[in-house]
Protein chains: 2
Amino acid sequence: MTVVKEEIRDQIIDSASEIFSRFGFRKTTMDEIARAMRKGKSSIYYYFTSKEDIFKAVVEKEAQTLREEVTRAVESSDVPTEKLRNYILARMKVIKNVSNFYDTLKNEYLNHLDFVNKVREKYDKQEIRILTGILEEGQKNGVFRTDDPELAAIAIVTALKGLEIPLFWSKANKNIEKRVDDLLNILLYGLLRK
Amino acid sequence: MTVVKEEIRDQIIDSASEIFSRFGFRKTTMDEIARAMRKGKSSIYYYFTSKEDIFKAVVEKEAQTLREEVTRAVESSDVPTEKLRNYILARMKVIKNVSNFYDTLKNEYLNHLDFVNKVREKYDKQEIRILTGILEEGQKNGVFRTDDPELAAIAIVTALKGLEIPLFWSKANKNIEKRVDDLLNILLYGLLRK
DNA sequence: ATTTCGACCGTTTTGGTTTTATGGTCGAAT
DNA sequence: ATTCGACCATAAAACCAAAACGGTCGAAAT
């Protein structure tokens with residue numbers, strides 16, 4: 001695939017991403033995606049094999065962007081406790097984003113949500129790896145007292161997922177910030193060496 | 001309300017509970033509820049003011065049953081660590097039950113799910129109180145090292161909620177048992193005094 | 001050789017209409 | 001105190017024709 005083709009493919013992904021997130025999968029038409037690119041519908045099929053294909057590319061790219069954001073947040077400090085704090089705060093942004101995504105897809109075919117969740121699982125695994133790294137570092141420094149960093153990482157990610165549930169179901173849950181703080185404190189407290 | 005009336009009300013709740021959980025709210029008809037009770041439809045309105053009314057009673061009773069189950073599990077031991085373990089295992093049953101409930105309601109009106117979630121929130125608060133009790137007890141015994149038991153309880157409940165997400169979305173997630181074990185270990189490990 | 005597009009096809013979705021089923025009421029009967 | 005049949009207004013299901021849609025293909029454009 002030439003460089004130019006790859007570039008236009010990417011533009012289509014960005015353009016379609018907006019449309020998908022506004023109207024959901026079903027109500028987004030190929031004609032609209034093409035019109036937004038000022039191309040004919042058939043031309044889009046030169047870059048993608050199907051509407052599904054575009055959607056998957058959109059989800060993957062979205063996930064990648066969020067992943068990069070989290071990575072950047074973690075790398076913005078050298079102190080493990082700070083890293084952990086930054087990670088959790090960045091993760092909350094991700095949760096909000098994902099929550100919006102779910103919102104537009106809620107009333108659509110379940111297999112699309114299934115796909116989104118598969119991507120998320122992959123994403124979670126990477127996060128667990130990052131977190132494990134942080135915890136191992138803190139352990140060596142003598143800051144954290146975990147002796148199974150991977151298990152601790154899994155527990156943290158699972159707990160963060162727990163925060164998503166009220167966010168997902170009720171749009172107007174304003175206590176979420178407080179809950180994040182609570183969780184952050186308990187996690188840090190639980191891990192910190194006295 | 002007489003004793004007899006109360007009794008029949010309860011029978012209707014049990015009977016309707018089965019029908020609701022099989023067909024969901026929408027596809028359950030008043031005629032069917034009445035038929036199952038071998039009564040005329042109008043008679044049901046002597047005990048309940050509306051279909052919604054029956055549904056809410058069903059949800060509340062279900063929640064109460066689960067609550068009792070959890071309480072019993074906790075009280076089945078005197079050792080705090082055992083109590084915690086029993087609590088988590090009992091909670092998993094609850095999660096599976098709730099998960100099924102969500103499944104039948106998934107494609108229905110959102111306000112029903114909203115109601116279910118409100119009941120769950122109330123339930124969660126009670127669980128946090130129970131858990132806090134366990135943790136305080138363990139703390140006095142010198143078994144647990146938490147010095148803010150309520151925060152720890154919140155974290156645990158939140159983490160358990162996190163386990164629900166994959167259970168809710170993908171029906172065939174068989175790794176759930178392993179995850180529960182992992183979480184159980186990490187929680188116990190995190191709390192136990194060395 | 002790469003990229004675009006108009007014409008076209010089979011299928012799905014939509015919108016409007018009619019029919020049927022359902023939640024709920026009421027007064028009489030038990 | 002409890003049950004129920006007859007009844008009503010509304011909502012859901014069934015139906016169908018028209019429009020919209022996803023996707024294909026070969027030709028045209030670059």
# chains A, B, ... in the order shown; residues from 1 in each chain; ligands from 1
$ interface_residues --of "chain B" --to "chain D" --cutoff "10 Å" --atoms "only C-alpha atoms (C1' of nucleotides)" --output "compact mmCIF listing (two decimals) with all heavy atoms, in the first residue's frame"
# COMPACT_ATOMS: atom_id res chain seq x y z
N THR B 2 -54.94 -7.11 55.61
CA THR B 2 -55.05 -8.36 56.38
C THR B 2 -53.86 -9.28 56.12
O THR B 2 -53.09 -9.07 55.18
CB THR B 2 -56.33 -9.12 55.98
OG1 THR B 2 -56.16 -9.62 54.66
CG2 THR B 2 -57.54 -8.23 56.03
N LYS B 5 -54.34 -11.19 52.71
CA LYS B 5 -54.05 -10.36 51.55
C LYS B 5 -52.54 -10.25 51.34
O LYS B 5 -52.05 -10.42 50.22
CB LYS B 5 -54.65 -8.97 51.74
CG LYS B 5 -54.57 -8.11 50.50
CD LYS B 5 -55.36 -6.83 50.62
CE LYS B 5 -55.22 -5.99 49.36
NZ LYS B 5 -55.95 -4.71 49.48
N LYS B 39 -56.27 -16.64 38.56
CA LYS B 39 -57.20 -15.57 38.91
C LYS B 39 -57.52 -14.79 37.65
O LYS B 39 -56.87 -14.94 36.62
CB LYS B 39 -56.57 -14.62 39.92
CG LYS B 39 -56.54 -15.13 41.36
CD LYS B 39 -56.07 -14.02 42.28
CE LYS B 39 -55.65 -14.56 43.64
NZ LYS B 39 -56.69 -15.31 44.35
N GLY B 40 -58.55 -13.96 37.72
CA GLY B 40 -58.83 -13.04 36.64
C GLY B 40 -57.86 -11.87 36.71
O GLY B 40 -57.31 -11.56 37.77
N LYS B 41 -57.62 -11.24 35.57
CA LYS B 41 -56.67 -10.14 35.52
C LYS B 41 -57.04 -9.03 36.50
O LYS B 41 -56.18 -8.48 37.20
CB LYS B 41 -56.61 -9.58 34.09
CG LYS B 41 -55.65 -8.44 33.93
CD LYS B 41 -55.58 -7.97 32.49
CE LYS B 41 -56.90 -7.42 31.99
NZ LYS B 41 -56.77 -6.73 30.69
N SER B 42 -58.34 -8.72 36.56
CA SER B 42 -58.78 -7.63 37.43
C SER B 42 -58.43 -7.88 38.89
O SER B 42 -58.16 -6.95 39.64
CB SER B 42 -60.29 -7.44 37.31
OG SER B 42 -60.66 -7.33 35.96
N SER B 43 -58.43 -9.15 39.26
CA SER B 43 -58.15 -9.47 40.66
C SER B 43 -56.75 -9.03 41.08
O SER B 43 -56.53 -8.64 42.22
CB SER B 43 -58.31 -10.97 40.89
OG SER B 43 -59.60 -11.38 40.51
N ILE B 44 -55.83 -9.13 40.13
CA ILE B 44 -54.45 -8.74 40.45
C ILE B 44 -54.40 -7.28 40.89
O ILE B 44 -53.62 -6.90 41.76
CB ILE B 44 -53.53 -8.96 39.23
CG1 ILE B 44 -53.63 -10.41 38.74
CG2 ILE B 44 -52.09 -8.64 39.58
CD1 ILE B 44 -53.19 -11.45 39.72
N TYR B 46 -56.38 -5.80 42.61
CA TYR B 46 -56.78 -5.66 44.00
C TYR B 46 -55.54 -5.64 44.89
O TYR B 46 -55.53 -5.03 45.95
CB TYR B 46 -57.70 -6.80 44.39
CG TYR B 46 -58.15 -6.76 45.82
CD1 TYR B 46 -58.97 -5.74 46.28
CD2 TYR B 46 -57.73 -7.74 46.71
CE1 TYR B 46 -59.37 -5.70 47.60
CE2 TYR B 46 -58.13 -7.70 48.04
CZ TYR B 46 -58.95 -6.69 48.47
OH TYR B 46 -59.34 -6.64 49.78
$ closest_atom_pairs --of "chain C" --to "chain B" --cutoff "10 Å" --atoms "only C-alpha atoms (C1' of nucleotides)" --output "tab-separated table"
residue	atom	partner	partner_atom	distance
C:DA21	C1'	B:Thr29	CA	9.7
C:DT22	C1'	B:Thr29	CA	7.2
C:DG23	C1'	B:Met30	CA	7.4
C:DG24	C1'	B:Ser50	CA	7.8
C:DT25	C1'	B:Ser42	CA	9.1
$ write_last_selection --atoms "N, CA and C atoms (P, O5', C5', C4', C3', O3' and C1' of nucleotides)" --output "CSV table (one decimal), in the first residue's frame"
chain,number,residue,atom,x,y,z
C,21,DA,P,-54.7,-11.2,19.1
C,21,DA,O5',-53.9,-10.4,20.2
C,21,DA,C5',-52.7,-9.7,19.8
C,21,DA,C4',-52.0,-9.0,21.0
C,21,DA,C3',-52.3,-9.6,22.3
C,21,DA,O3',-51.1,-9.5,23.1
C,21,DA,C1',-53.2,-7.4,22.3
C,22,DT,P,-51.0,-9.9,24.6
C,22,DT,O5',-51.1,-8.6,25.4
C,22,DT,C5',-50.2,-7.5,25.1
C,22,DT,C4',-50.6,-6.3,25.9
C,22,DT,C3',-50.9,-6.7,27.4
C,22,DT,O3',-50.0,-6.0,28.2
C,22,DT,C1',-52.5,-5.2,26.5
C,23,DG,P,-50.0,-6.2,29.8
C,23,DG,O5',-50.5,-4.8,30.3
C,23,DG,C5',-49.7,-3.6,30.0
C,23,DG,C4',-50.4,-2.4,30.5
C,23,DG,C3',-50.8,-2.4,32.0
C,23,DG,O3',-50.5,-1.1,32.5
C,23,DG,C1',-52.8,-2.3,30.8
C,24,DG,P,-50.7,-0.8,34.1
C,24,DG,O5',-52.2,-0.4,34.2
C,24,DG,C5',-52.7,0.8,33.6
C,24,DG,C4',-54.2,0.9,33.6
C,24,DG,C3',-54.8,0.7,35.0
C,24,DG,O3',-55.4,2.0,35.4
C,24,DG,C1',-56.0,-0.5,33.4
C,25,DT,P,-56.3,2.1,36.7
C,25,DT,O5',-57.7,2.0,36.2
C,25,DT,C5',-58.2,2.9,35.2
C,25,DT,C4',-59.7,2.8,35.0
C,25,DT,C3',-60.5,2.8,36.3
C,25,DT,O3',-61.6,3.8,36.1
C,25,DT,C1',-61.1,0.9,35.1
$ closest_atom_pairs --of "chain B" --to "chain A" --cutoff "6 Å" --atoms "only C-alpha atoms" --output "tab-separated table"
residue	atom	partner	partner_atom	distance
B:Ala155	CA	A:Leu183	CA	5.8
B:Thr158	CA	A:Gly162	CA	4.9
B:Ala159	CA	A:Ala159	CA	3.6
B:Lys161	CA	A:Gly162	CA	4.5
B:Gly162	CA	A:Gly162	CA	3.4
B:Leu183	CA	A:Ala155	CA	5.8
$ write_last_selection --atoms "C-alpha atoms" --output "short mmCIF file (atom, residue, chain, number, x, y, z; two decimals), in the first residue's frame"
data_model
loop_
_atom_site.label_atom_id
_atom_site.label_comp_id
_atom_site.auth_asym_id
_atom_site.auth_seq_id
_atom_site.Cartn_x
_atom_site.Cartn_y
_atom_site.Cartn_z
CA ALA B 155 -12.65 -0.22 47.44
CA THR B 158 -16.01 -1.27 43.79
CA ALA B 159 -13.54 -3.92 42.71
CA LYS B 161 -18.42 -4.40 40.66
CA GLY B 162 -15.56 -4.32 38.18
CA LEU B 183 -9.07 -10.71 43.34
#
$ atom_distance --atom1 "atom CA of B:Phe23" --atom2 "atom CA of B:Glu62"
16.4 Å
$ atom_distance --atom1 "atom CA of B:Asp14" --atom2 "atom CA of B:Ile95"
20.2 Å
$ closest_residue --among "A:Asn97, A:Asn86, A:Thr81, A:Ser21" --to "A:Asn141" --atoms "only C-alpha atoms"
A:Thr81
$ atom_distance --atom1 "atom CA of A:Ala57" --atom2 "atom C1' of C:DG6"
27.6 Å
$ decode --residues "stretch 1-14 of chain D" --atoms "all heavy atoms" --output "compact mmCIF listing (two decimals), in the first residue's frame"
# COMPACT_ATOMS: atom_id res chain seq x y z
P DA D 1 -62.97 -4.94 54.73
OP1 DA D 1 -62.06 -4.62 55.85
OP2 DA D 1 -63.32 -3.90 53.73
O5' DA D 1 -62.36 -6.19 53.94
C5' DA D 1 -62.16 -7.41 54.64
C4' DA D 1 -62.12 -8.51 53.64
O4' DA D 1 -63.40 -8.58 52.95
C3' DA D 1 -61.07 -8.34 52.54
O3' DA D 1 -60.38 -9.58 52.38
C2' DA D 1 -61.87 -7.99 51.27
C1' DA D 1 -63.20 -8.67 51.55
N9 DA D 1 -64.35 -7.98 50.94
C8 DA D 1 -64.74 -6.69 51.10
N7 DA D 1 -65.84 -6.38 50.43
C5 DA D 1 -66.18 -7.56 49.79
C6 DA D 1 -67.22 -7.90 48.92
N6 DA D 1 -68.17 -7.05 48.53
N1 DA D 1 -67.27 -9.18 48.45
C2 DA D 1 -66.32 -10.02 48.84
N3 DA D 1 -65.27 -9.82 49.66
C4 DA D 1 -65.26 -8.56 50.10
P DT D 2 -59.12 -9.67 51.40
OP1 DT D 2 -58.28 -10.79 51.85
OP2 DT D 2 -58.57 -8.33 51.23
O5' DT D 2 -59.79 -10.14 50.04
C5' DT D 2 -60.44 -11.41 50.01
C4' DT D 2 -61.10 -11.61 48.67
O4' DT D 2 -62.17 -10.67 48.48
C3' DT D 2 -60.20 -11.47 47.44
O3' DT D 2 -60.02 -12.76 46.89
C2' DT D 2 -60.94 -10.49 46.53
C1' DT D 2 -62.35 -10.56 47.10
N1 DT D 2 -63.22 -9.37 46.88
C2 DT D 2 -64.33 -9.50 46.10
O2 DT D 2 -64.67 -10.54 45.57
N3 DT D 2 -65.07 -8.35 45.97
C4 DT D 2 -64.81 -7.12 46.52
O4 DT D 2 -65.53 -6.15 46.32
C5 DT D 2 -63.61 -7.04 47.32
C7 DT D 2 -63.22 -5.74 47.96
C6 DT D 2 -62.88 -8.16 47.46
P DT D 3 -59.26 -12.97 45.53
OP1 DT D 3 -58.74 -14.37 45.52
OP2 DT D 3 -58.38 -11.83 45.29
O5' DT D 3 -60.46 -12.92 44.50
C5' DT D 3 -61.42 -13.98 44.45
C4' DT D 3 -62.39 -13.73 43.33
O4' DT D 3 -63.00 -12.42 43.54
C3' DT D 3 -61.78 -13.68 41.92
O3' DT D 3 -62.34 -14.73 41.15
C2' DT D 3 -62.10 -12.29 41.39
C1' DT D 3 -63.27 -11.87 42.27
N1 DT D 3 -63.42 -10.41 42.48
C2 DT D 3 -64.56 -9.79 42.05
O2 DT D 3 -65.47 -10.38 41.48
N3 DT D 3 -64.61 -8.43 42.30
C4 DT D 3 -63.65 -7.66 42.92
O4 DT D 3 -63.81 -6.46 43.09
C5 DT D 3 -62.48 -8.38 43.36
C7 DT D 3 -61.37 -7.65 44.05
C6 DT D 3 -62.42 -9.70 43.12
P DC D 4 -61.69 -15.08 39.76
OP1 DC D 4 -61.93 -16.52 39.50
OP2 DC D 4 -60.32 -14.53 39.69
O5' DC D 4 -62.62 -14.24 38.78
C5' DC D 4 -64.04 -14.36 38.91
C4' DC D 4 -64.71 -13.35 38.03
O4' DC D 4 -64.66 -12.04 38.66
C3' DC D 4 -64.05 -13.18 36.65
O3' DC D 4 -65.04 -13.29 35.67
C2' DC D 4 -63.48 -11.76 36.69
C1' DC D 4 -64.46 -11.09 37.66
N1 DC D 4 -63.94 -9.85 38.30
C2 DC D 4 -64.75 -8.70 38.33
O2 DC D 4 -65.87 -8.74 37.81
N3 DC D 4 -64.27 -7.57 38.91
C4 DC D 4 -63.04 -7.57 39.45
N4 DC D 4 -62.62 -6.44 40.02
C5 DC D 4 -62.21 -8.73 39.44
C6 DC D 4 -62.69 -9.84 38.85
P DG D 5 -64.75 -14.04 34.32
OP1 DG D 5 -64.98 -15.48 34.55
OP2 DG D 5 -63.45 -13.57 33.83
O5' DG D 5 -65.91 -13.48 33.39
C5' DG D 5 -67.21 -13.23 33.95
C4' DG D 5 -67.80 -11.97 33.32
O4' DG D 5 -67.27 -10.80 33.99
C3' DG D 5 -67.51 -11.81 31.83
O3' DG D 5 -68.67 -11.29 31.20
C2' DG D 5 -66.35 -10.80 31.81
C1' DG D 5 -66.66 -9.94 33.04
N9 DG D 5 -65.49 -9.35 33.69
C8 DG D 5 -64.27 -9.95 33.91
N7 DG D 5 -63.42 -9.18 34.55
C5 DG D 5 -64.13 -8.00 34.76
C6 DG D 5 -63.73 -6.80 35.39
O6 DG D 5 -62.65 -6.53 35.92
N1 DG D 5 -64.76 -5.85 35.39
C2 DG D 5 -66.00 -6.04 34.83
N2 DG D 5 -66.85 -5.02 34.92
N3 DG D 5 -66.38 -7.16 34.23
C4 DG D 5 -65.41 -8.09 34.23
P DA D 6 -68.70 -11.11 29.62
OP1 DA D 6 -69.98 -11.69 29.16
OP2 DA D 6 -67.43 -11.56 29.02
O5' DA D 6 -68.80 -9.52 29.48
C5' DA D 6 -69.71 -8.80 30.31
C4' DA D 6 -69.48 -7.31 30.12
O4' DA D 6 -68.33 -6.90 30.91
C3' DA D 6 -69.19 -6.88 28.68
O3' DA D 6 -69.90 -5.67 28.41
C2' DA D 6 -67.68 -6.69 28.66
C1' DA D 6 -67.42 -6.19 30.09
N9 DA D 6 -66.07 -6.45 30.59
C8 DA D 6 -65.32 -7.58 30.45
N7 DA D 6 -64.15 -7.52 31.02
C5 DA D 6 -64.11 -6.25 31.57
C6 DA D 6 -63.14 -5.55 32.30
N6 DA D 6 -61.96 -6.09 32.63
N1 DA D 6 -63.42 -4.29 32.71
C2 DA D 6 -64.62 -3.78 32.38
N3 DA D 6 -65.61 -4.33 31.68
C4 DA D 6 -65.29 -5.58 31.31
P DC D 7 -69.90 -5.01 26.95
OP1 DC D 7 -71.20 -4.35 26.74
OP2 DC D 7 -69.39 -6.01 25.98
O5' DC D 7 -68.80 -3.87 27.10
C5' DC D 7 -68.92 -2.91 28.17
C4' DC D 7 -67.63 -2.12 28.29
O4' DC D 7 -66.60 -2.95 28.86
C3' DC D 7 -67.05 -1.60 26.97
O3' DC D 7 -67.33 -0.22 26.85
C2' DC D 7 -65.55 -1.88 27.08
C1' DC D 7 -65.37 -2.37 28.51
N1 DC D 7 -64.29 -3.38 28.68
C2 DC D 7 -63.16 -3.05 29.43
O2 DC D 7 -63.10 -1.93 29.93
N3 DC D 7 -62.17 -3.97 29.58
C4 DC D 7 -62.28 -5.17 29.01
N4 DC D 7 -61.29 -6.04 29.20
C5 DC D 7 -63.42 -5.53 28.24
C6 DC D 7 -64.39 -4.62 28.10
P DC D 8 -66.93 0.54 25.45
OP1 DC D 8 -67.96 1.56 25.18
OP2 DC D 8 -66.59 -0.48 24.43
O5' DC D 8 -65.59 1.29 25.87
C5' DC D 8 -65.54 2.06 27.07
C4' DC D 8 -64.12 2.61 27.24
O4' DC D 8 -63.24 1.54 27.68
C3' DC D 8 -63.52 3.15 25.94
O3' DC D 8 -62.97 4.43 26.17
C2' DC D 8 -62.46 2.13 25.55
C1' DC D 8 -62.06 1.54 26.91
N1 DC D 8 -61.56 0.13 26.85
C2 DC D 8 -60.31 -0.19 27.40
O2 DC D 8 -59.63 0.70 27.93
N3 DC D 8 -59.87 -1.47 27.34
C4 DC D 8 -60.63 -2.42 26.76
N4 DC D 8 -60.16 -3.66 26.73
C5 DC D 8 -61.90 -2.11 26.19
C6 DC D 8 -62.32 -0.85 26.26
P DA D 9 -62.69 5.44 24.94
OP1 DA D 9 -63.42 6.70 25.21
OP2 DA D 9 -62.88 4.72 23.66
O5' DA D 9 -61.13 5.72 25.13
C5' DA D 9 -60.62 5.98 26.43
C4' DA D 9 -59.11 5.73 26.43
O4' DA D 9 -58.87 4.30 26.39
C3' DA D 9 -58.38 6.33 25.22
O3' DA D 9 -57.19 6.93 25.67
C2' DA D 9 -58.12 5.12 24.32
C1' DA D 9 -58.00 3.98 25.33
N9 DA D 9 -58.42 2.66 24.81
C8 DA D 9 -59.52 2.39 24.03
N7 DA D 9 -59.65 1.11 23.74
C5 DA D 9 -58.57 0.51 24.36
C6 DA D 9 -58.13 -0.83 24.43
N6 DA D 9 -58.77 -1.84 23.83
N1 DA D 9 -57.00 -1.09 25.13
C2 DA D 9 -56.37 -0.07 25.72
N3 DA D 9 -56.68 1.23 25.73
C4 DA D 9 -57.80 1.45 25.03
P DT D 10 -56.14 7.62 24.64
OP1 DT D 10 -55.67 8.88 25.26
OP2 DT D 10 -56.77 7.61 23.30
O5' DT D 10 -54.89 6.63 24.62
C5' DT D 10 -54.46 6.02 25.84
C4' DT D 10 -53.58 4.84 25.51
O4' DT D 10 -54.38 3.74 25.00
C3' DT D 10 -52.50 5.12 24.46
O3' DT D 10 -51.26 4.82 25.03
C2' DT D 10 -52.88 4.18 23.30
C1' DT D 10 -53.61 3.06 24.04
N1 DT D 10 -54.54 2.24 23.21
C2 DT D 10 -54.36 0.87 23.18
O2 DT D 10 -53.47 0.30 23.79
N3 DT D 10 -55.28 0.19 22.41
C4 DT D 10 -56.33 0.72 21.68
O4 DT D 10 -57.07 0.00 21.03
C5 DT D 10 -56.45 2.16 21.75
C7 DT D 10 -57.55 2.84 21.01
C6 DT D 10 -55.57 2.84 22.51
P DA D 11 -49.86 5.07 24.28
OP1 DA D 11 -48.98 5.77 25.22
OP2 DA D 11 -50.15 5.66 22.95
O5' DA D 11 -49.30 3.60 24.06
C5' DA D 11 -49.41 2.64 25.11
C4' DA D 11 -49.04 1.27 24.59
O4' DA D 11 -50.12 0.70 23.81
C3' DA D 11 -47.82 1.26 23.65
O3' DA D 11 -47.10 0.06 23.89
C2' DA D 11 -48.44 1.28 22.26
C1' DA D 11 -49.69 0.42 22.49
N9 DA D 11 -50.81 0.74 21.59
C8 DA D 11 -51.30 1.96 21.26
N7 DA D 11 -52.33 1.93 20.45
C5 DA D 11 -52.54 0.58 20.24
C6 DA D 11 -53.49 -0.13 19.48
N6 DA D 11 -54.46 0.46 18.75
N1 DA D 11 -53.43 -1.47 19.48
C2 DA D 11 -52.47 -2.07 20.20
N3 DA D 11 -51.52 -1.52 20.96
C4 DA D 11 -51.62 -0.17 20.94
P DA D 12 -45.58 -0.10 23.39
OP1 DA D 12 -44.78 -0.31 24.61
OP2 DA D 12 -45.26 0.99 22.44
O5' DA D 12 -45.61 -1.47 22.60
C5' DA D 12 -46.23 -2.60 23.20
C4' DA D 12 -46.75 -3.53 22.13
O4' DA D 12 -47.83 -2.91 21.41
C3' DA D 12 -45.70 -3.93 21.07
O3' DA D 12 -45.66 -5.33 21.01
C2' DA D 12 -46.23 -3.28 19.77
C1' DA D 12 -47.73 -3.24 20.05
N9 DA D 12 -48.47 -2.22 19.31
C8 DA D 12 -48.30 -0.86 19.35
N7 DA D 12 -49.15 -0.19 18.58
C5 DA D 12 -49.92 -1.18 18.01
C6 DA D 12 -51.00 -1.13 17.10
N6 DA D 12 -51.48 0.01 16.60
N1 DA D 12 -51.55 -2.31 16.72
C2 DA D 12 -51.06 -3.46 17.23
N3 DA D 12 -50.06 -3.63 18.09
C4 DA D 12 -49.53 -2.44 18.45
P DA D 13 -44.60 -6.10 20.04
OP1 DA D 13 -44.10 -7.28 20.78
OP2 DA D 13 -43.66 -5.08 19.51
O5' DA D 13 -45.51 -6.63 18.85
C5' DA D 13 -46.66 -7.41 19.18
C4' DA D 13 -47.40 -7.80 17.93
O4' DA D 13 -48.10 -6.64 17.39
C3' DA D 13 -46.53 -8.34 16.79
O3' DA D 13 -47.22 -9.45 16.23
C2' DA D 13 -46.42 -7.16 15.82
C1' DA D 13 -47.75 -6.45 16.03
N9 DA D 13 -47.73 -5.00 15.85
C8 DA D 13 -46.86 -4.09 16.39
N7 DA D 13 -47.12 -2.84 16.07
C5 DA D 13 -48.24 -2.93 15.26
C6 DA D 13 -49.01 -1.96 14.59
N6 DA D 13 -48.74 -0.65 14.64
N1 DA D 13 -50.07 -2.40 13.87
C2 DA D 13 -50.33 -3.71 13.83
N3 DA D 13 -49.68 -4.72 14.41
C4 DA D 13 -48.64 -4.26 15.12
P DA D 14 -46.49 -10.34 15.04
OP1 DA D 14 -46.77 -11.76 15.39
OP2 DA D 14 -45.11 -9.86 14.86
O5' DA D 14 -47.34 -9.98 13.75
C5' DA D 14 -48.70 -9.54 13.91
C4' DA D 14 -49.27 -9.26 12.53
O4' DA D 14 -49.38 -7.83 12.34
C3' DA D 14 -48.43 -9.78 11.36
O3' DA D 14 -49.30 -10.23 10.34
C2' DA D 14 -47.60 -8.56 10.95
C1' DA D 14 -48.60 -7.43 11.22
N9 DA D 14 -47.99 -6.15 11.57
C8 DA D 14 -46.86 -5.93 12.31
N7 DA D 14 -46.55 -4.66 12.47
C5 DA D 14 -47.56 -3.99 11.79
C6 DA D 14 -47.83 -2.63 11.59
N6 DA D 14 -47.05 -1.65 12.07
N1 DA D 14 -48.92 -2.30 10.87
C2 DA D 14 -49.69 -3.29 10.38
N3 DA D 14 -49.54 -4.61 10.51
C4 DA D 14 -48.45 -4.90 11.24
